[in-house]
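Shown below: entry-v4.tsv, with TSV, C-alpha atoms and all ligand atoms.
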```tsv
chain	number	residue	atom	x	y	z
E	22	MET	CA	67.62	58.59	135.93
E	23	ILE	CA	70.50	59.42	138.31
E	24	VAL	CA	73.19	56.87	139.09
E	25	PHE	CA	76.27	57.29	141.27
E	26	SER	CA	78.67	54.32	141.10
E	27	ASN	CA	81.53	54.21	143.54
E	28	VAL	CA	81.86	57.97	143.59
E	29	SER	CA	84.60	59.56	145.64
E	30	LYS	CA	85.32	63.27	145.77
E	31	LYS	CA	88.37	64.78	147.38
E	32	TYR	CA	89.03	68.51	147.64
E	33	ASN	CA	92.75	68.88	148.44
E	34	ASN	CA	92.98	66.98	151.77
E	35	THR	CA	89.24	66.76	152.47
E	36	THR	CA	87.34	63.63	151.48
E	37	ALA	CA	83.81	64.93	150.85
E	38	LEU	CA	82.45	61.64	149.45
E	39	ASP	CA	83.95	58.20	149.96
E	40	ASN	CA	82.78	55.48	147.58
E	41	VAL	CA	79.13	56.53	147.29
E	42	SER	CA	76.68	54.50	145.16
E	43	PHE	CA	72.94	55.02	144.70
E	44	LYS	CA	70.23	55.08	142.04
E	45	ILE	CA	67.26	57.41	141.70
E	46	THR	CA	64.57	56.22	139.29
E	47	PRO	CA	62.21	58.44	137.24
E	48	GLY	CA	59.30	59.74	139.31
E	49	GLU	CA	61.13	59.25	142.60
E	50	PHE	CA	61.39	62.01	145.22
E	51	VAL	CA	64.45	61.75	147.39
E	52	SER	CA	65.49	63.85	150.37
E	53	LEU	CA	69.13	63.70	151.38
E	54	VAL	CA	69.63	64.49	155.05
E	55	GLY	CA	72.94	64.86	156.85
E	56	GLU	CA	74.87	67.24	159.03
E	57	SER	CA	76.71	70.24	157.71
E	58	GLY	CA	79.85	69.19	155.82
E	59	SER	CA	78.60	65.66	155.14
E	60	GLY	CA	78.71	66.13	151.34
E	61	LYS	CA	75.14	67.00	150.33
E	62	SER	CA	76.06	70.02	148.20
E	63	THR	CA	78.93	68.06	146.68
E	64	ILE	CA	76.44	65.47	145.42
E	65	ILE	CA	74.39	68.24	143.79
E	66	LYS	CA	77.51	69.79	142.23
E	67	LEU	CA	78.41	66.41	140.74
E	68	ILE	CA	74.86	66.00	139.34
E	69	ILE	CA	74.93	69.39	137.60
E	70	GLY	CA	78.54	68.93	136.49
E	71	GLU	CA	79.89	71.80	138.54
E	72	GLU	CA	82.46	69.43	140.03
E	73	LYS	CA	84.02	66.24	138.70
E	74	PRO	CA	84.36	63.11	140.86
E	75	THR	CA	87.90	62.13	141.88
E	76	SER	CA	86.84	58.58	140.97
E	77	GLY	CA	83.64	56.77	140.02
E	78	ARG	CA	80.79	57.47	137.61
E	79	VAL	CA	77.93	59.97	137.68
E	80	ILE	CA	75.09	59.33	135.22
E	81	VAL	CA	72.13	61.69	134.72
E	82	GLY	CA	69.68	60.49	132.05
E	83	SER	CA	71.77	59.76	128.97
E	84	TYR	CA	74.71	61.87	130.18
E	85	GLU	CA	77.91	60.51	131.69
E	86	VAL	CA	78.41	63.68	133.66
E	87	HIS	CA	81.90	62.77	134.89
E	88	ARG	CA	83.06	62.67	131.25
E	89	LEU	CA	81.34	65.77	129.89
E	90	HIS	CA	83.36	68.47	128.24
E	91	PRO	CA	82.62	71.97	129.63
E	92	LYS	CA	81.05	72.81	126.25
E	93	GLU	CA	78.47	70.02	126.76
E	94	LEU	CA	77.39	71.21	130.22
E	95	PRO	CA	74.70	73.66	129.01
E	96	GLN	CA	73.00	70.72	127.27
E	97	LEU	CA	72.96	68.72	130.51
E	98	ARG	CA	71.77	71.71	132.54
E	99	ARG	CA	68.78	72.27	130.28
E	100	GLN	CA	67.53	68.90	131.58
E	101	ILE	CA	67.94	69.96	135.23
E	102	GLY	CA	66.15	72.65	137.26
E	103	THR	CA	68.16	73.84	140.24
E	104	VAL	CA	66.97	75.63	143.38
E	105	PHE	CA	69.34	77.03	146.00
E	106	GLN	CA	69.03	78.13	149.62
E	107	ASP	CA	69.98	81.70	148.68
E	108	PHE	CA	67.61	81.86	145.66
E	109	LYS	CA	70.20	83.27	143.21
E	110	LEU	CA	67.70	85.57	141.47
E	111	LEU	CA	68.90	88.33	139.17
E	112	PRO	CA	68.54	91.49	141.30
E	113	THR	CA	67.85	93.88	138.40
E	114	LYS	CA	65.04	91.78	136.93
E	115	THR	CA	61.44	91.53	138.17
E	116	ALA	CA	59.87	88.25	139.30
E	117	TYR	CA	58.36	87.89	135.84
E	118	GLU	CA	61.63	88.67	134.06
E	119	ASN	CA	63.63	86.27	136.24
E	120	VAL	CA	61.42	83.42	135.02
E	121	ALA	CA	60.93	84.66	131.43
E	122	PHE	CA	64.68	85.07	130.99
E	123	ALA	CA	65.11	81.29	131.16
E	124	LEU	CA	62.81	80.93	128.11
E	125	GLU	CA	63.98	83.97	126.12
E	126	VAL	CA	67.34	82.35	125.43
E	127	ASP	CA	65.50	79.71	123.33
E	128	GLY	CA	63.99	82.44	121.13
E	129	ARG	CA	60.33	81.52	121.74
E	130	PRO	CA	57.64	84.00	120.67
E	131	GLU	CA	56.73	86.61	123.31
E	132	HIS	CA	53.07	85.56	123.72
E	133	GLU	CA	54.08	81.94	124.40
E	134	ILE	CA	56.63	83.06	126.96
E	135	GLU	CA	54.08	85.27	128.68
E	136	GLU	CA	51.50	82.52	128.86
E	137	ALA	CA	53.97	79.99	130.25
E	138	VAL	CA	55.45	82.39	132.82
E	139	MET	CA	52.08	83.62	134.08
E	140	GLN	CA	50.78	80.07	134.37
E	141	MET	CA	53.83	79.16	136.45
E	142	LEU	CA	53.67	82.24	138.70
E	143	ASP	CA	50.00	81.54	139.22
E	144	MET	CA	50.70	77.94	140.17
E	145	VAL	CA	53.19	78.99	142.86
E	146	GLY	CA	50.82	81.71	144.08
E	147	ILE	CA	52.69	84.93	143.25
E	148	ALA	CA	51.11	86.11	139.97
E	149	ASP	CA	50.25	89.41	141.70
E	150	LYS	CA	53.95	90.00	142.49
E	151	LYS	CA	55.14	89.66	138.89
E	152	LYS	CA	56.40	93.26	138.72
E	153	ASN	CA	58.29	93.13	142.02
E	154	PHE	CA	62.07	93.03	142.06
E	155	PRO	CA	63.74	90.43	144.33
E	156	HIS	CA	64.38	93.04	147.08
E	157	GLU	CA	60.62	93.69	147.10
E	158	LEU	CA	59.79	90.02	147.81
E	159	SER	CA	59.80	87.98	151.03
E	160	GLY	CA	62.05	84.92	151.31
E	161	GLY	CA	59.14	82.60	150.59
E	162	GLU	CA	58.16	84.66	147.53
E	163	LYS	CA	61.74	84.69	146.27
E	164	GLN	CA	61.90	80.93	146.54
E	165	ARG	CA	58.62	80.67	144.61
E	166	VAL	CA	60.23	82.69	141.81
E	167	ALA	CA	63.30	80.45	141.93
E	168	ILE	CA	61.12	77.32	141.71
E	169	SER	CA	59.24	78.85	138.76
E	170	ARG	CA	62.52	79.56	137.00
E	171	ALA	CA	63.80	76.04	137.69
E	172	MET	CA	60.63	74.37	136.40
E	173	ILE	CA	59.62	76.60	133.47
E	174	HIS	CA	61.56	74.36	131.07
E	175	LYS	CA	59.82	71.25	132.39
E	176	PRO	CA	63.21	69.71	133.22
E	177	ALA	CA	63.61	65.96	133.62
E	178	VAL	CA	65.26	66.46	137.01
E	179	VAL	CA	64.83	69.09	139.72
E	180	VAL	CA	67.53	69.40	142.37
E	181	ALA	CA	67.24	71.65	145.38
E	182	ASP	CA	70.05	72.39	147.85
E	183	GLU	CA	68.53	73.23	151.25
E	184	PRO	CA	65.69	75.10	149.53
E	185	THR	CA	63.99	75.89	152.85
E	186	GLY	CA	67.17	76.83	154.73
E	187	ASN	CA	66.28	80.53	154.80
E	188	LEU	CA	62.54	80.17	155.33
E	189	ASP	CA	60.20	79.98	158.32
E	190	ALA	CA	58.26	76.79	159.09
E	191	LYS	CA	55.09	77.79	157.22
E	192	ASN	CA	56.93	78.81	154.03
E	193	SER	CA	59.20	75.75	154.27
E	194	ALA	CA	56.19	73.46	154.27
E	195	GLU	CA	54.64	75.30	151.31
E	196	ILE	CA	57.87	75.29	149.29
E	197	LEU	CA	58.33	71.55	149.86
E	198	LYS	CA	54.76	70.97	148.69
E	199	LEU	CA	55.49	72.89	145.47
E	200	LEU	CA	58.72	70.99	144.84
E	201	PHE	CA	57.08	67.63	145.40
E	202	LYS	CA	54.01	68.42	143.28
Q	301	LIG	P1	77.12	69.84	152.94
Q	301	LIG	O1	76.45	70.45	151.75
Q	301	LIG	O2	76.53	68.52	153.37
Q	301	LIG	O3	77.21	70.79	154.10
Q	301	LIG	P2	79.53	69.96	151.31
Q	301	LIG	O4	79.30	69.04	150.16
Q	301	LIG	O5	79.39	71.41	151.06
Q	301	LIG	O6	78.64	69.48	152.54
Q	301	LIG	O7	80.99	69.72	151.87
Q	301	LIG	C1	81.54	68.43	152.14
Q	301	LIG	C2	82.99	68.58	152.64
Q	301	LIG	O8	83.80	69.06	151.56
Q	301	LIG	C3	83.15	69.58	153.77
Q	301	LIG	O9	84.16	69.08	154.62
Q	301	LIG	C4	83.62	70.83	153.06
Q	301	LIG	O10	84.42	71.62	153.91
Q	301	LIG	C5	84.43	70.28	151.91
Q	301	LIG	N1	84.41	71.15	150.71
Q	301	LIG	C6	83.30	71.47	149.99
Q	301	LIG	N2	83.62	72.25	148.93
Q	301	LIG	C7	84.97	72.43	148.99
Q	301	LIG	C8	85.92	73.12	148.17
Q	301	LIG	N3	85.54	73.78	147.06
Q	301	LIG	N4	87.21	73.08	148.53
Q	301	LIG	C9	87.61	72.39	149.64
Q	301	LIG	N5	86.77	71.71	150.44
Q	301	LIG	C10	85.47	71.72	150.13
Q	302	MG	MG	75.43	72.22	151.50
```
What would the structure in this file look like if it were written as structure tokens?
Amino acid sequence: MIVFSNVSKKYNNTTALDNVSFKITPGEFVSLVGESGSGKSTIIKLIIGEEKPTSGRVIVGSYEVHRLHPKELPQLRRQIGTVFQDFKLLPTKTAYENVAFALEVDGRPEHEIEEAVMQMLDMVGIADKKKNFPHELSGGEKQRVAISRAMIHKPAVVVADEPTGNLDAKNSAEILKLLFK
């Protein structure tokens, strides 16, 4: 599913990754642990095509990410759900709208969108907060919206960059459970 072969990434004078190789197979759950600055976010940026390796190959599904043209990136990113430490929700949209927005771009009928979004919000336990804007949600609730948005497309791959970094212990445990479900 995800293959890194001899991947190095240099930013100016900093070597973020030095000859990294690994494989992640379908159905696998992998946690990447390392101190700050060790290159974890760089690996995620290479997977979603936000950065290109200095050398080596990055394969995600049928995509050779290191070779993709910027125009092909949206296609790749439809296969990947991404969750960030700082949530990255749209501040002027409600919880519901933040998730529905991801489906509206495909032009699906409204009743299908509503059913899918409500099912997802229910699964993560915040259906009653659907009309709240991000500033009216706790950190744990915001991350539940972000997970809903990342998964609403049923992506082949979900990547999360320190998804519990801004959460307390109880919410961290619950968010990890949702991600690993
Ligand atoms: P982590 O997520 O594990 O904290 P990063 O992948 O963000 O690590 O960073 C790895 C190294 O690359 C760090 O030394 C960081 O300072 C450097 N780095 C990351 N992004 C950039 C960038 N855009 N420009 C220059 N250096 C960067
Ligand atoms: Mg990081």
*Residues within 12 Å of ligand LIG 301 (chain Q), counting all atoms listed in the file: report them as number ranges by chain.*
E: 29-39, 53-67, 71-73, 105-106, 181-184, 186
*Nearest to Val178 of chain E among E:Pro74, E:Ile134, E:Ala148, E:Ile101, with distances taken over all atoms listed in the file: which residue is it?*
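The shortest atom-to-atom distance to Val178 of chain E comes from E:Ile101.
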_Just want the 10 Å neighbourhood of Leu199 of chain E, counted on all atoms listed in the file, with same-chain residues fewer than 2 positions away dropped. Output as an MDAnalysis selection string._
chainID E and resid 144:145 165 168:169 193:197 201:202
*Which residue, E:Gly70, E:Asp107, E:Gly146, E:Leu158, has the smallest gap to ligand MG 302 (chain Q) when you use only C-alpha atoms and all ligand atoms?*
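Going through E:Gly70, E:Asp107, E:Gly146, E:Leu158 one by one, the smallest distance to ligand MG 302 (chain Q) is for E:Asp107.
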_Given the point (59.0, 92.0, 136.9) in the file's coordinates, find the residues that have an atom at most 7 Å from it, counting all atoms listed in the file, and give them as an MDAnalysis selection string._
chainID E and resid 114:118 151:154
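Note that atom CA of Asn192 of chain E and atom CA of Gly160 of chain E are 8.4 Å apart.
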*Å distance separating atom CA of Val28 of chain E from atom CA of Val79 of chain E, one decimal place*: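 Atom-to-atom, atom CA of Val28 of chain E and atom CA of Val79 of chain E are spaced 7.4 Å apart.
Note that the spacing between atom CA of His156 of chain E and atom CA of Ala121 of chain E amounts to 18.1 Å.
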*E:Asp189, E:Glu162, E:Glu93, E:Glu125 ranked by distance to Leu110 of chain E, top pick (using only C-alpha atoms)*: E:Glu162
_Option closest in space to His87 of chain E, from E:Gln140, E:Val104, E:Pro130, E:Ser26 [counting all atoms listed in the file]_ =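 Closest to His87 of chain E of all the choices is E:Ser26.
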Rebuild N, CA and C atoms on segment 61-94 of chain E, as a PDB file, keeping the file's coordinate frame?
```
ATOM      1  N   LYS E  61      76.400  66.863 151.071  1.00  0.00           N
ATOM      2  CA  LYS E  61      75.140  67.000 150.330  1.00  0.00           C
ATOM      3  C   LYS E  61      75.303  67.913 149.109  1.00  0.00           C
ATOM      4  N   SER E  62      75.879  69.083 149.333  1.00  0.00           N
ATOM      5  CA  SER E  62      76.060  70.020 148.200  1.00  0.00           C
ATOM      6  C   SER E  62      77.013  69.443 147.169  1.00  0.00           C
ATOM      7  N   THR E  63      77.993  68.685 147.628  1.00  0.00           N
ATOM      8  CA  THR E  63      78.930  68.060 146.680  1.00  0.00           C
ATOM      9  C   THR E  63      78.179  67.127 145.740  1.00  0.00           C
ATOM     10  N   ILE E  64      77.229  66.366 146.275  1.00  0.00           N
ATOM     11  CA  ILE E  64      76.440  65.470 145.420  1.00  0.00           C
ATOM     12  C   ILE E  64      75.690  66.276 144.366  1.00  0.00           C
ATOM     13  N   ILE E  65      75.102  67.404 144.765  1.00  0.00           N
ATOM     14  CA  ILE E  65      74.390  68.240 143.790  1.00  0.00           C
ATOM     15  C   ILE E  65      75.349  68.798 142.748  1.00  0.00           C
ATOM     16  N   LYS E  66      76.525  69.248 143.189  1.00  0.00           N
ATOM     17  CA  LYS E  66      77.510  69.790 142.230  1.00  0.00           C
ATOM     18  C   LYS E  66      77.966  68.733 141.232  1.00  0.00           C
ATOM     19  N   LEU E  67      78.032  67.485 141.673  1.00  0.00           N
ATOM     20  CA  LEU E  67      78.410  66.410 140.740  1.00  0.00           C
ATOM     21  C   LEU E  67      77.272  66.134 139.756  1.00  0.00           C
ATOM     22  N   ILE E  68      76.015  66.254 140.224  1.00  0.00           N
ATOM     23  CA  ILE E  68      74.860  66.000 139.340  1.00  0.00           C
ATOM     24  C   ILE E  68      74.788  67.069 138.251  1.00  0.00           C
ATOM     25  N   ILE E  69      75.041  68.327 138.602  1.00  0.00           N
ATOM     26  CA  ILE E  69      74.930  69.390 137.600  1.00  0.00           C
ATOM     27  C   ILE E  69      76.270  69.645 136.888  1.00  0.00           C
ATOM     28  N   GLY E  70      77.261  68.823 137.193  1.00  0.00           N
ATOM     29  CA  GLY E  70      78.540  68.930 136.490  1.00  0.00           C
ATOM     30  C   GLY E  70      79.378  70.125 136.891  1.00  0.00           C
ATOM     31  N   GLU E  71      79.083  70.668 138.072  1.00  0.00           N
ATOM     32  CA  GLU E  71      79.890  71.800 138.540  1.00  0.00           C
ATOM     33  C   GLU E  71      81.217  71.321 139.120  1.00  0.00           C
ATOM     34  N   GLU E  72      81.227  70.082 139.587  1.00  0.00           N
ATOM     35  CA  GLU E  72      82.460  69.430 140.030  1.00  0.00           C
ATOM     36  C   GLU E  72      82.562  68.076 139.351  1.00  0.00           C
ATOM     37  N   LYS E  73      83.792  67.570 139.261  1.00  0.00           N
ATOM     38  CA  LYS E  73      84.020  66.240 138.700  1.00  0.00           C
ATOM     39  C   LYS E  73      84.409  65.305 139.844  1.00  0.00           C
ATOM     40  N   PRO E  74      83.940  64.030 139.803  1.00  0.00           N
ATOM     41  CA  PRO E  74      84.360  63.110 140.860  1.00  0.00           C
ATOM     42  C   PRO E  74      85.872  62.832 140.760  1.00  0.00           C
ATOM     43  N   THR E  75      86.494  62.544 141.876  1.00  0.00           N
ATOM     44  CA  THR E  75      87.900  62.130 141.880  1.00  0.00           C
ATOM     45  C   THR E  75      87.984  60.719 141.294  1.00  0.00           C
ATOM     46  N   SER E  76      86.970  59.884 141.628  1.00  0.00           N
ATOM     47  CA  SER E  76      86.840  58.580 140.970  1.00  0.00           C
ATOM     48  C   SER E  76      85.371  58.182 140.974  1.00  0.00           C
ATOM     49  N   GLY E  77      85.016  57.243 140.098  1.00  0.00           N
ATOM     50  CA  GLY E  77      83.640  56.770 140.020  1.00  0.00           C
ATOM     51  C   GLY E  77      82.877  57.443 138.886  1.00  0.00           C
ATOM     52  N   ARG E  78      81.606  57.016 138.743  1.00  0.00           N
ATOM     53  CA  ARG E  78      80.790  57.470 137.610  1.00  0.00           C
ATOM     54  C   ARG E  78      79.525  58.152 138.087  1.00  0.00           C
ATOM     55  N   VAL E  79      79.158  59.226 137.385  1.00  0.00           N
ATOM     56  CA  VAL E  79      77.930  59.970 137.680  1.00  0.00           C
ATOM     57  C   VAL E  79      77.104  60.040 136.398  1.00  0.00           C
ATOM     58  N   ILE E  80      75.942  59.368 136.400  1.00  0.00           N
ATOM     59  CA  ILE E  80      75.090  59.330 135.220  1.00  0.00           C
ATOM     60  C   ILE E  80      73.792  60.097 135.511  1.00  0.00           C
ATOM     61  N   VAL E  81      73.424  61.006 134.614  1.00  0.00           N
ATOM     62  CA  VAL E  81      72.130  61.690 134.720  1.00  0.00           C
ATOM     63  C   VAL E  81      71.442  61.524 133.368  1.00  0.00           C
ATOM     64  N   GLY E  82      70.343  60.774 133.325  1.00  0.00           N
ATOM     65  CA  GLY E  82      69.680  60.490 132.050  1.00  0.00           C
ATOM     66  C   GLY E  82      70.669  59.800 131.123  1.00  0.00           C
ATOM     67  N   SER E  83      70.849  60.379 129.931  1.00  0.00           N
ATOM     68  CA  SER E  83      71.770  59.760 128.970  1.00  0.00           C
ATOM     69  C   SER E  83      73.175  60.358 129.070  1.00  0.00           C
ATOM     70  N   TYR E  84      73.401  61.202 130.070  1.00  0.00           N
ATOM     71  CA  TYR E  84      74.710  61.870 130.180  1.00  0.00           C
ATOM     72  C   TYR E  84      75.627  61.180 131.172  1.00  0.00           C
ATOM     73  N   GLU E  85      76.863  60.940 130.758  1.00  0.00           N
ATOM     74  CA  GLU E  85      77.910  60.510 131.690  1.00  0.00           C
ATOM     75  C   GLU E  85      78.570  61.799 132.155  1.00  0.00           C
ATOM     76  N   VAL E  86      78.037  62.323 133.247  1.00  0.00           N
ATOM     77  CA  VAL E  86      78.410  63.680 133.660  1.00  0.00           C
ATOM     78  C   VAL E  86      79.906  63.790 133.954  1.00  0.00           C
ATOM     79  N   HIS E  87      80.476  62.715 134.530  1.00  0.00           N
ATOM     80  CA  HIS E  87      81.900  62.770 134.890  1.00  0.00           C
ATOM     81  C   HIS E  87      82.795  62.888 133.659  1.00  0.00           C
ATOM     82  N   ARG E  88      82.253  62.611 132.471  1.00  0.00           N
ATOM     83  CA  ARG E  88      83.060  62.670 131.250  1.00  0.00           C
ATOM     84  C   ARG E  88      82.765  63.883 130.400  1.00  0.00           C
ATOM     85  N   LEU E  89      81.764  64.683 130.775  1.00  0.00           N
ATOM     86  CA  LEU E  89      81.340  65.770 129.890  1.00  0.00           C
ATOM     87  C   LEU E  89      82.409  66.841 129.737  1.00  0.00           C
ATOM     88  N   HIS E  90      82.501  67.335 128.535  1.00  0.00           N
ATOM     89  CA  HIS E  90      83.360  68.470 128.240  1.00  0.00           C
ATOM     90  C   HIS E  90      82.614  69.731 128.700  1.00  0.00           C
ATOM     91  N   PRO E  91      83.328  70.746 129.197  1.00  0.00           N
ATOM     92  CA  PRO E  91      82.620  71.970 129.630  1.00  0.00           C
ATOM     93  C   PRO E  91      81.633  72.503 128.587  1.00  0.00           C
ATOM     94  N   LYS E  92      81.954  72.319 127.307  1.00  0.00           N
ATOM     95  CA  LYS E  92      81.050  72.810 126.250  1.00  0.00           C
ATOM     96  C   LYS E  92      79.720  72.065 126.222  1.00  0.00           C
ATOM     97  N   GLU E  93      79.703  70.823 126.778  1.00  0.00           N
ATOM     98  CA  GLU E  93      78.470  70.020 126.760  1.00  0.00           C
ATOM     99  C   GLU E  93      77.598  70.269 127.998  1.00  0.00           C
ATOM    100  N   LEU E  94      78.137  71.017 128.971  1.00  0.00           N
ATOM    101  CA  LEU E  94      77.390  71.210 130.220  1.00  0.00           C
ATOM    102  C   LEU E  94      76.059  71.948 130.036  1.00  0.00           C
TER     103      LEU E  94
END
```
